[in-house]
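Worksheet for the structure shown next.
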Amino acid sequence: MVSASELNSAPAEQVSASINASAEQINALCDKIEDIASYVVSIKNDQSQEHSSSDTRQSLLETVTSTFVHLRQLNRKLHEAKVALNAQVVSLKRKTDDLGLYVENRKREMAYIQRDIDSTKKMETIYQTIDIIPEDEFRANAPEEFKTGNDTHHTLMLGRLRYEIRQREVLMESKAKAKEMRDSLRQDKRRRVEKLEKTDIRLQNYVKSLSQLGRSFGVVSDDEKNPSSGDTSGTVVEGSNRPKETEKFRDSRDVGSSRVGTPQM
């Protein structure tokens, strides 16, 4: 793209000065030719011997010839200077057109950017209503990496948003760790419940084993003494032999516990 500094007029001024100098020389030659023409006319009017000699005519012819040769040289030089000047004018015109087009494009870009700025100012964005860390807390607690370069409101808001993202990432990590801990506690609880259920089943089996062992020795439990149906055929009559049977059952339980397969806890 052509800059304004490139549009200097020095070459054009040089060509114009050369043309002016050539024009002055041509004017001088024209004046000289007019003098020669006047001299020739005066010779034709004057038929004296002095003006009609061959030497005078030869000298006049040489003067006229050299003058015309010089005139043609100046004409050629003037033509070359004119061509160079036209080329310079065309080049400067092209550069001027390019510069004008560049300026027009820049004006259009500025107008487009200004429309974007105006529409952005009128647009309602999510960060205007999002719940983020207040500015005072941000300035007090945020690290320096988030506060450097916050010279404008835009850069300050960007720094606050980056700090908010960092804080939320930390919270998400804490939430993930808490979730893992919760899942681990749930698994521990599930294992404990399963262990308690197995222990309850083992206790029930142990009670059943003890009941069967007691019935094998003729000892009836309290549940069998008071059945819900009211049948008392299986009850033991109170008498003097009951304490002895109880002691016999206790002794038999102590002695035979090594033979009976009780459930292992």
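Residues in the structure tokens are named by chain (A, B, ... in the order shown) and by number from 1 within that chain; ligands are numbered from 1 in the order shown.
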
Taking 2 positions as the minimum chain separation for residues in the same chain, which residues sit within 9 Å of stretch 158-167 of chain A when counting only C-alpha atoms? Answer as a VMD selection string. chain A and resid 127 132 to 135 138 142 to 143 145 to 150 153 to 156 169 to 172

Restrict the selected residues to N, CA, C and O atoms and save them as an mmCIF file, in the first residue's frame.
data_model
loop_
_atom_site.group_PDB
_atom_site.id
_atom_site.type_symbol
_atom_site.label_atom_id
_atom_site.label_comp_id
_atom_site.auth_asym_id
_atom_site.auth_seq_id
_atom_site.Cartn_x
_atom_site.Cartn_y
_atom_site.Cartn_z
ATOM 1 N N TYR A 127 -22.350 -11.824 31.361
ATOM 2 C CA TYR A 127 -21.492 -11.450 32.478
ATOM 3 C C TYR A 127 -22.061 -10.279 33.274
ATOM 4 O O TYR A 127 -21.615 -9.999 34.377
ATOM 5 N N ILE A 132 -20.400 -13.347 40.153
ATOM 6 C CA ILE A 132 -18.960 -13.533 40.247
ATOM 7 C C ILE A 132 -18.439 -12.848 41.504
ATOM 8 O O ILE A 132 -19.177 -12.160 42.213
ATOM 9 N N ILE A 133 -17.164 -13.045 41.760
ATOM 10 C CA ILE A 133 -16.528 -12.477 42.950
ATOM 11 C C ILE A 133 -16.528 -10.956 42.839
ATOM 12 O O ILE A 133 -16.194 -10.405 41.782
ATOM 13 N N PRO A 134 -16.901 -10.244 43.900
ATOM 14 C CA PRO A 134 -16.924 -8.774 43.839
ATOM 15 C C PRO A 134 -15.538 -8.198 43.540
ATOM 16 O O PRO A 134 -14.507 -8.835 43.772
ATOM 17 N N GLU A 135 -15.537 -6.967 43.054
ATOM 18 C CA GLU A 135 -14.278 -6.334 42.671
ATOM 19 C C GLU A 135 -13.368 -6.106 43.867
ATOM 20 O O GLU A 135 -12.141 -6.280 43.762
ATOM 21 N N PHE A 138 -11.837 -9.314 44.764
ATOM 22 C CA PHE A 138 -10.868 -9.672 43.722
ATOM 23 C C PHE A 138 -9.561 -8.927 43.913
ATOM 24 O O PHE A 138 -8.476 -9.521 43.827
ATOM 25 N N ALA A 142 -7.050 -11.847 44.923
ATOM 26 C CA ALA A 142 -6.584 -12.455 43.672
ATOM 27 C C ALA A 142 -5.065 -12.366 43.563
ATOM 28 O O ALA A 142 -4.460 -11.383 44.004
ATOM 29 N N PRO A 143 -4.413 -13.379 42.973
ATOM 30 C CA PRO A 143 -2.960 -13.302 42.737
ATOM 31 C C PRO A 143 -2.629 -12.191 41.737
ATOM 32 O O PRO A 143 -3.494 -11.674 41.026
ATOM 33 N N GLU A 145 -1.010 -12.352 39.002
ATOM 34 C CA GLU A 145 -1.133 -12.720 37.586
ATOM 35 C C GLU A 145 -2.485 -12.337 37.015
ATOM 36 O O GLU A 145 -2.623 -12.154 35.800
ATOM 37 N N PHE A 146 -3.503 -12.220 37.856
ATOM 38 C CA PHE A 146 -4.828 -11.828 37.391
ATOM 39 C C PHE A 146 -5.043 -10.316 37.471
ATOM 40 O O PHE A 146 -6.010 -9.817 36.904
ATOM 41 N N LYS A 147 -4.159 -9.607 38.176
ATOM 42 C CA LYS A 147 -4.365 -8.165 38.372
ATOM 43 C C LYS A 147 -3.424 -7.313 37.543
ATOM 44 O O LYS A 147 -3.597 -6.097 37.495
ATOM 45 N N THR A 148 -2.448 -7.916 36.886
ATOM 46 C CA THR A 148 -1.516 -7.137 36.075
ATOM 47 C C THR A 148 -2.162 -6.770 34.746
ATOM 48 O O THR A 148 -2.844 -7.571 34.114
ATOM 49 N N GLY A 149 -1.916 -5.535 34.306
ATOM 50 C CA GLY A 149 -2.446 -5.074 33.024
ATOM 51 C C GLY A 149 -3.909 -4.707 33.035
ATOM 52 O O GLY A 149 -4.501 -4.555 31.967
ATOM 53 N N ASN A 150 -4.516 -4.569 34.217
ATOM 54 C CA ASN A 150 -5.940 -4.221 34.290
ATOM 55 C C ASN A 150 -6.088 -2.702 34.338
ATOM 56 O O ASN A 150 -6.493 -2.114 35.343
ATOM 57 N N HIS A 153 -11.546 -0.914 32.035
ATOM 58 C CA HIS A 153 -12.663 -1.720 32.555
ATOM 59 C C HIS A 153 -12.740 -3.069 31.841
ATOM 60 O O HIS A 153 -13.102 -4.078 32.460
ATOM 61 N N HIS A 154 -12.390 -3.074 30.556
ATOM 62 C CA HIS A 154 -12.447 -4.327 29.801
ATOM 63 C C HIS A 154 -11.421 -5.329 30.320
ATOM 64 O O HIS A 154 -11.748 -6.493 30.594
ATOM 65 N N THR A 155 -10.166 -4.896 30.460
ATOM 66 C CA THR A 155 -9.127 -5.804 30.965
ATOM 67 C C THR A 155 -9.393 -6.199 32.417
ATOM 68 O O THR A 155 -9.091 -7.326 32.834
ATOM 69 N N LEU A 156 -9.970 -5.283 33.211
ATOM 70 C CA LEU A 156 -10.315 -5.627 34.588
ATOM 71 C C LEU A 156 -11.374 -6.716 34.633
ATOM 72 O O LEU A 156 -11.281 -7.674 35.424
ATOM 73 N N GLU A 169 -12.832 -23.835 39.146
ATOM 74 C CA GLU A 169 -12.108 -25.084 38.907
ATOM 75 C C GLU A 169 -11.668 -25.710 40.224
ATOM 76 O O GLU A 169 -11.746 -26.932 40.403
ATOM 77 N N VAL A 170 -11.197 -24.870 41.171
ATOM 78 C CA VAL A 170 -10.810 -25.389 42.489
ATOM 79 C C VAL A 170 -12.022 -25.981 43.201
ATOM 80 O O VAL A 170 -11.944 -27.054 43.832
ATOM 81 N N LEU A 171 -13.166 -25.287 43.109
ATOM 82 C CA LEU A 171 -14.378 -25.806 43.743
ATOM 83 C C LEU A 171 -14.831 -27.120 43.101
ATOM 84 O O LEU A 171 -15.284 -28.031 43.801
ATOM 85 N N MET A 172 -14.695 -27.222 41.788
ATOM 86 C CA MET A 172 -15.069 -28.467 41.126
ATOM 87 C C MET A 172 -14.157 -29.612 41.552
ATOM 88 O O MET A 172 -14.611 -30.747 41.744
#

Using only C-alpha atoms: which of A:Ile113, A:Leu101, A:Leu210, A:Ser18 has the shortest distance to A:His79: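 Using only C-alpha atoms, the shortest distance to A:His79 belongs to A:Ser18.
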
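The space between atom CA of A:Glu24 and atom CA of A:Asn75 spans 11.7 Å.
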
Can you tell me how far atom CA of A:Arg168 sits from atom CA of A:Ile126, in Å to one decimal?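 Those two atoms sit 16.8 Å apart.
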
Which residue out of A:Val40, A:Ala28, A:Met123, A:Val207 has the minimum interatomic distance to A:Thr67 when only C-alpha atoms are used?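 Nearest to A:Thr67: A:Ala28.
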
Using backbone DSSP assignments, extract all helix (DSSP H, G or I) residues from stretch 43-196 of chain A; output them as a PyMOL selection string. chain A and resi 43-45+54-122+126-128+135-141+144-147+153-196
